[in-house]
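Peer 1: Can you keep this structure in mind? I'll have questions shortly.
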Amino acid sequence: MKSMFVTLSTTSFNELIAAARSPPALQALQSRGYQKLVLQAGWGSLPQPQPSSSPAAAVEAFRFKDSLAEELQSADLVISHTGAGSCLETLENGKPLIVVINDKLMNHQLELAKQLHRDGCVLYCNCSTLVDTMQSMNLSAFKPFPPGQPEKFASFLNKVLGLQ
C-alpha cells in the first residue's frame with residue numbers, strides 16, 4: 001500500500017496537518033496512487049477522524065512515538081515541517097521529502113529548505129502551495145542525500161582544539 005507520512009516531530013503546526021488533510025490534498029494523494037496517509041501531530045491538535053466520504057483509503061493519526069523509524073521506512077513520501085532533525089532523518093532514510101515552511105515563524109527554515117532544494121534533495125512549499133506541490137512533484141528527480149562523514153568533523157575539531 002503506497003503511503004505518505006506527515007511529521008511535525010515535537011513541534012506544533014496545525015496548519016500543515018489541516019493542509020495535508022484537506023479534501024484537495026487527499027484528492028491529490030489519491031490521484032498519485034497513495035492509499036494511506038499517516039499524520040504525526042506532535043504538540044499540535046490531534047486530527048479527528050474524517051467522515052467515510054474521504055477520498056483517502058486510510059488516514060491514521062498519532063501524537064508521538066518513541067521512534068518514527070517504522071513510519072519513515074514504510075513511507076513512500078514524507079511531508080515534514082522544516083526542522084533540521086526531521087529533514088536529515090528523512091533524507092538519511094532515502095525518502096522523497098517535501099518540506100513545508102511555517103510562515104508564522106522567523107527562523108532558519110526557509111534557508112534550510114532553499115539549500116536542500118538547491119542540492120536537489122527536497123521540494124519545499126508553504127501550506128497554501130502544498131496541494132500544487134503534491135500535484136506537480138516529480139519524485140524521480142530527487143538526488144540522494146550524501147551520507148554524513150563524522151570523521152572529517154572530528155578531525156577538524158581535533159585540529160581546532162589542538163588535540164592533533
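All residue names refer to the C-alpha cells as shown: chains lettered A, B, ... in order, residues numbered from 1 in each chain, ligands numbered from 1 in order.
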If you run DSSP over the backbone, which residues in region 41-156 of chain A end up helix (DSSP H, G or I)? Put them as JSON, numbers by chain.
Peer 2: {"A": [69, 70, 71, 72, 73, 74, 84, 85, 86, 87, 88, 89, 90, 91, 92, 109, 110, 111, 112, 113, 114, 115, 116, 117, 118, 127, 128, 129, 130, 131, 132, 133, 134, 135, 136, 139, 140, 141, 150, 151, 152, 153, 154, 155, 156]}
Peer 1: Give me, as a PyMOL selection string, all polymer residues having an atom no more than 10 Å from region 144-160 of chain A, counting only C-alpha atoms and skipping those fewer than 3 positions away in the same chain.
Peer 2: chain A and resi 88+90-96+116+119-122+141+163-164
Peer 1: Counting only C-alpha atoms, which residue out of A:Leu97, A:Met1, A:Leu110, A:Ala41 sits closest to Ala18 (chain A)?
Peer 2: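 With only C-alpha atoms as the atom set, the closest residue is A:Ala41.
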Peer 1: Which of these, A:Leu139, A:Val59, A:Leu161, A:Leu123, has the shortest distance to Pro47 (chain A) once you count only C-alpha atoms?
Peer 2: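 Between A:Leu139, A:Val59, A:Leu161, A:Leu123, the residue approaching Pro47 (chain A) most closely is A:Val59.
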Peer 1: Kindly indicate which residue among A:Leu8, A:Ser22, A:Ser136, A:Ile98 lies nearest to Lys65 (chain A), using only C-alpha atoms for the distances.
Peer 2: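 When distances to Lys65 (chain A) are compared using only C-alpha atoms, the smallest one comes from A:Leu8.
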Peer 1: Might you pull out every residue within 9 Å of Leu16 (chain A), with only C-alpha atoms counted and same-chain residues fewer than 5 positions away left off, and present them as an mmCIF file with all heavy atoms, in the first residue's frame?
Peer 2:
```cif
data_model
loop_
_atom_site.group_PDB
_atom_site.id
_atom_site.type_symbol
_atom_site.label_atom_id
_atom_site.label_comp_id
_atom_site.auth_asym_id
_atom_site.auth_seq_id
_atom_site.Cartn_x
_atom_site.Cartn_y
_atom_site.Cartn_z
ATOM 1 N N VAL A 6 3.214 12.369 7.179
ATOM 2 C CA VAL A 6 3.358 13.776 7.523
ATOM 3 C C VAL A 6 3.832 13.843 8.964
ATOM 4 O O VAL A 6 3.196 13.284 9.854
ATOM 5 C CB VAL A 6 2.027 14.545 7.365
ATOM 6 C CG1 VAL A 6 2.185 16.004 7.786
ATOM 7 C CG2 VAL A 6 1.523 14.447 5.932
ATOM 8 N N LEU A 8 5.501 16.291 12.234
ATOM 9 C CA LEU A 8 5.799 17.581 12.845
ATOM 10 C C LEU A 8 6.858 17.449 13.924
ATOM 11 O O LEU A 8 7.202 18.432 14.574
ATOM 12 C CB LEU A 8 4.539 18.183 13.479
ATOM 13 C CG LEU A 8 3.335 18.359 12.570
ATOM 14 C CD1 LEU A 8 2.201 19.035 13.329
ATOM 15 C CD2 LEU A 8 3.691 19.131 11.336
ATOM 16 N N ARG A 21 -4.666 17.229 5.278
ATOM 17 C CA ARG A 21 -5.939 16.502 5.384
ATOM 18 C C ARG A 21 -7.057 17.129 4.577
ATOM 19 O O ARG A 21 -8.168 16.615 4.547
ATOM 20 C CB ARG A 21 -6.412 16.472 6.841
ATOM 21 C CG ARG A 21 -5.499 15.784 7.774
ATOM 22 C CD ARG A 21 -6.065 15.801 9.173
ATOM 23 N NE ARG A 21 -7.198 14.890 9.262
ATOM 24 C CZ ARG A 21 -8.371 15.206 9.785
ATOM 25 N NH1 ARG A 21 -8.591 16.397 10.275
ATOM 26 N NH2 ARG A 21 -9.338 14.318 9.842
ATOM 27 N N SER A 80 7.109 17.127 5.778
ATOM 28 C CA SER A 80 7.557 17.487 7.113
ATOM 29 C C SER A 80 7.622 18.990 7.284
ATOM 30 O O SER A 80 7.793 19.727 6.316
ATOM 31 C CB SER A 80 8.955 16.889 7.345
ATOM 32 O OG SER A 80 9.482 17.285 8.601
ATOM 33 N N HIS A 81 7.542 19.414 8.548
ATOM 34 C CA HIS A 81 7.918 20.783 8.870
ATOM 35 C C HIS A 81 9.414 20.883 8.551
ATOM 36 O O HIS A 81 10.065 19.876 8.285
ATOM 37 C CB HIS A 81 7.606 21.094 10.341
ATOM 38 C CG HIS A 81 8.580 20.476 11.297
ATOM 39 N ND1 HIS A 81 9.395 21.217 12.114
ATOM 40 C CD2 HIS A 81 8.888 19.174 11.542
ATOM 41 C CE1 HIS A 81 10.156 20.412 12.829
ATOM 42 N NE2 HIS A 81 9.860 19.163 12.512
ATOM 43 N N VAL A 100 7.687 21.802 4.428
ATOM 44 C CA VAL A 100 6.689 22.862 4.439
ATOM 45 C C VAL A 100 7.124 23.929 5.440
ATOM 46 O O VAL A 100 7.292 23.647 6.620
ATOM 47 C CB VAL A 100 5.290 22.312 4.791
ATOM 48 C CG1 VAL A 100 4.259 23.426 4.780
ATOM 49 C CG2 VAL A 100 4.899 21.203 3.812
ATOM 50 N N ASN A 102 6.863 27.038 7.811
ATOM 51 C CA ASN A 102 5.872 27.674 8.671
ATOM 52 C C ASN A 102 6.073 29.184 8.546
ATOM 53 O O ASN A 102 6.997 29.745 9.125
ATOM 54 C CB ASN A 102 6.035 27.215 10.122
ATOM 55 C CG ASN A 102 4.932 27.725 11.015
ATOM 56 O OD1 ASN A 102 4.238 28.679 10.674
ATOM 57 N ND2 ASN A 102 4.775 27.096 12.169
ATOM 58 N N ASN A 126 4.848 26.187 1.133
ATOM 59 C CA ASN A 126 4.179 26.556 2.375
ATOM 60 C C ASN A 126 2.816 25.858 2.363
ATOM 61 O O ASN A 126 2.490 25.141 1.407
ATOM 62 C CB ASN A 126 4.076 28.074 2.542
ATOM 63 C CG ASN A 126 3.345 28.747 1.411
ATOM 64 O OD1 ASN A 126 2.454 28.166 0.783
ATOM 65 N ND2 ASN A 126 3.699 29.988 1.143
ATOM 66 N N CYS A 127 2.033 26.058 3.384
ATOM 67 C CA CYS A 127 0.753 25.333 3.475
ATOM 68 C C CYS A 127 -0.168 25.654 2.306
ATOM 69 O O CYS A 127 -0.870 24.776 1.810
ATOM 70 C CB CYS A 127 0.064 25.643 4.797
ATOM 71 S SG CYS A 127 0.889 24.888 6.212
ATOM 72 N N LEU A 130 0.923 23.597 -0.818
ATOM 73 C CA LEU A 130 1.183 22.161 -0.646
ATOM 74 C C LEU A 130 0.477 21.315 -1.702
ATOM 75 O O LEU A 130 1.093 20.428 -2.303
ATOM 76 C CB LEU A 130 0.770 21.701 0.762
ATOM 77 C CG LEU A 130 0.925 20.204 1.039
ATOM 78 C CD1 LEU A 130 2.379 19.766 0.892
ATOM 79 C CD2 LEU A 130 0.400 19.863 2.430
#
```
Peer 1: Which residues, written as a list in words, have at least one atom at most 8 Å from Glu60 (chain A), with only C-alpha atoms counted and residues fewer than 5 positions away on the same chain left out?
Peer 2: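 Result of the neighbour search: Lys36, Leu37, Val38 and Leu39 of chain A.
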Peer 1: Enumerate as JSON, numbers by chain all residues of region 2-164 of chain A assigned to strand (DSSP E) by DSSP on the backbone, naming them with the chain letters and numbers the document uses.
Peer 2: {"A": [3, 4, 5, 6, 7, 36, 37, 38, 39, 40, 58, 59, 60, 61, 62, 77, 78, 79, 80, 81, 97, 98, 99, 100, 101, 122, 123, 124, 125, 126]}
Peer 1: Next, the residues of the selection above should be written as a short mmCIF file (atom, residue, chain, number, x, y, z; two decimals), in the first residue's frame with N, CA and C atoms.
Peer 2:
```cif
data_model
loop_
_atom_site.label_atom_id
_atom_site.label_comp_id
_atom_site.auth_asym_id
_atom_site.auth_seq_id
_atom_site.Cartn_x
_atom_site.Cartn_y
_atom_site.Cartn_z
N SER A 3 2.10 4.83 0.71
CA SER A 3 1.72 5.71 1.82
C SER A 3 2.54 6.99 1.87
N MET A 4 1.92 8.01 2.46
CA MET A 4 2.55 9.29 2.70
C MET A 4 2.54 9.52 4.20
N PHE A 5 3.66 9.99 4.72
CA PHE A 5 3.81 10.25 6.15
C PHE A 5 4.04 11.74 6.35
N VAL A 6 3.21 12.37 7.18
CA VAL A 6 3.36 13.78 7.52
C VAL A 6 3.83 13.84 8.96
N THR A 7 4.97 14.53 9.19
CA THR A 7 5.52 14.59 10.54
C THR A 7 5.80 16.02 10.97
N LYS A 36 -2.71 5.54 1.66
CA LYS A 36 -2.63 5.69 3.11
C LYS A 36 -1.93 7.02 3.45
N LEU A 37 -2.49 7.70 4.44
CA LEU A 37 -1.91 8.94 4.96
C LEU A 37 -1.72 8.76 6.46
N VAL A 38 -0.49 8.92 6.93
CA VAL A 38 -0.18 8.81 8.35
C VAL A 38 0.27 10.19 8.82
N LEU A 39 -0.38 10.68 9.88
CA LEU A 39 -0.12 12.02 10.41
C LEU A 39 0.46 11.93 11.80
N GLN A 40 1.61 12.53 12.02
CA GLN A 40 2.21 12.62 13.35
C GLN A 40 2.07 14.08 13.77
N ALA A 58 -7.12 5.34 3.69
CA ALA A 58 -6.86 5.17 5.12
C ALA A 58 -6.11 6.38 5.65
N VAL A 59 -6.59 6.92 6.76
CA VAL A 59 -5.91 8.04 7.42
C VAL A 59 -5.69 7.64 8.87
N GLU A 60 -4.45 7.70 9.31
CA GLU A 60 -4.09 7.40 10.69
C GLU A 60 -3.45 8.64 11.29
N ALA A 61 -3.63 8.84 12.59
CA ALA A 61 -3.02 9.98 13.25
C ALA A 61 -2.58 9.59 14.66
N PHE A 62 -1.46 10.15 15.06
CA PHE A 62 -0.96 9.98 16.43
C PHE A 62 -0.15 11.21 16.80
N LEU A 77 6.54 8.63 0.60
CA LEU A 77 6.76 10.08 0.53
C LEU A 77 6.58 10.62 1.93
N VAL A 78 7.46 11.59 2.29
CA VAL A 78 7.36 12.23 3.60
C VAL A 78 7.13 13.72 3.38
N ILE A 79 6.20 14.27 4.13
CA ILE A 79 5.98 15.71 4.18
C ILE A 79 6.26 16.11 5.61
N SER A 80 7.11 17.13 5.78
CA SER A 80 7.56 17.49 7.11
C SER A 80 7.62 18.99 7.28
N HIS A 81 7.54 19.41 8.55
CA HIS A 81 7.92 20.78 8.87
C HIS A 81 9.41 20.88 8.55
N LEU A 97 11.16 13.86 0.01
CA LEU A 97 10.72 14.75 1.07
C LEU A 97 10.21 16.07 0.51
N ILE A 98 9.05 16.47 0.99
CA ILE A 98 8.53 17.82 0.77
C ILE A 98 8.57 18.50 2.13
N VAL A 99 9.30 19.61 2.22
CA VAL A 99 9.34 20.36 3.47
C VAL A 99 8.42 21.55 3.35
N VAL A 100 7.69 21.80 4.43
CA VAL A 100 6.69 22.86 4.44
C VAL A 100 7.12 23.93 5.44
N ILE A 101 7.31 25.13 4.91
CA ILE A 101 7.75 26.26 5.71
C ILE A 101 6.59 26.77 6.55
N VAL A 122 15.14 17.95 -1.93
CA VAL A 122 13.77 18.13 -1.45
C VAL A 122 13.01 19.08 -2.36
N LEU A 123 11.70 19.07 -2.19
CA LEU A 123 10.84 20.14 -2.68
C LEU A 123 10.42 20.91 -1.45
N TYR A 124 10.15 22.20 -1.60
CA TYR A 124 9.65 22.94 -0.46
C TYR A 124 8.50 23.83 -0.89
N CYS A 125 7.64 24.14 0.08
CA CYS A 125 6.46 24.95 -0.17
C CYS A 125 5.98 25.50 1.16
N ASN A 126 4.85 26.19 1.13
CA ASN A 126 4.18 26.56 2.37
C ASN A 126 2.82 25.86 2.36
#
```
Peer 1: Please indicate the distance in Å from CA of Gln109 (chain A) to CA of Leu68 (chain A), rounded to one decimal place.
Peer 2: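 Separation between CA of Gln109 (chain A) and CA of Leu68 (chain A): 21.0 Å.
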Peer 1: Provide the CA of Gly44 (chain A) to CA of Thr11 (chain A) distance in Å, to one decimal place.
Peer 2: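 Result for CA of Gly44 (chain A) versus CA of Thr11 (chain A): 7.0 Å, one decimal.
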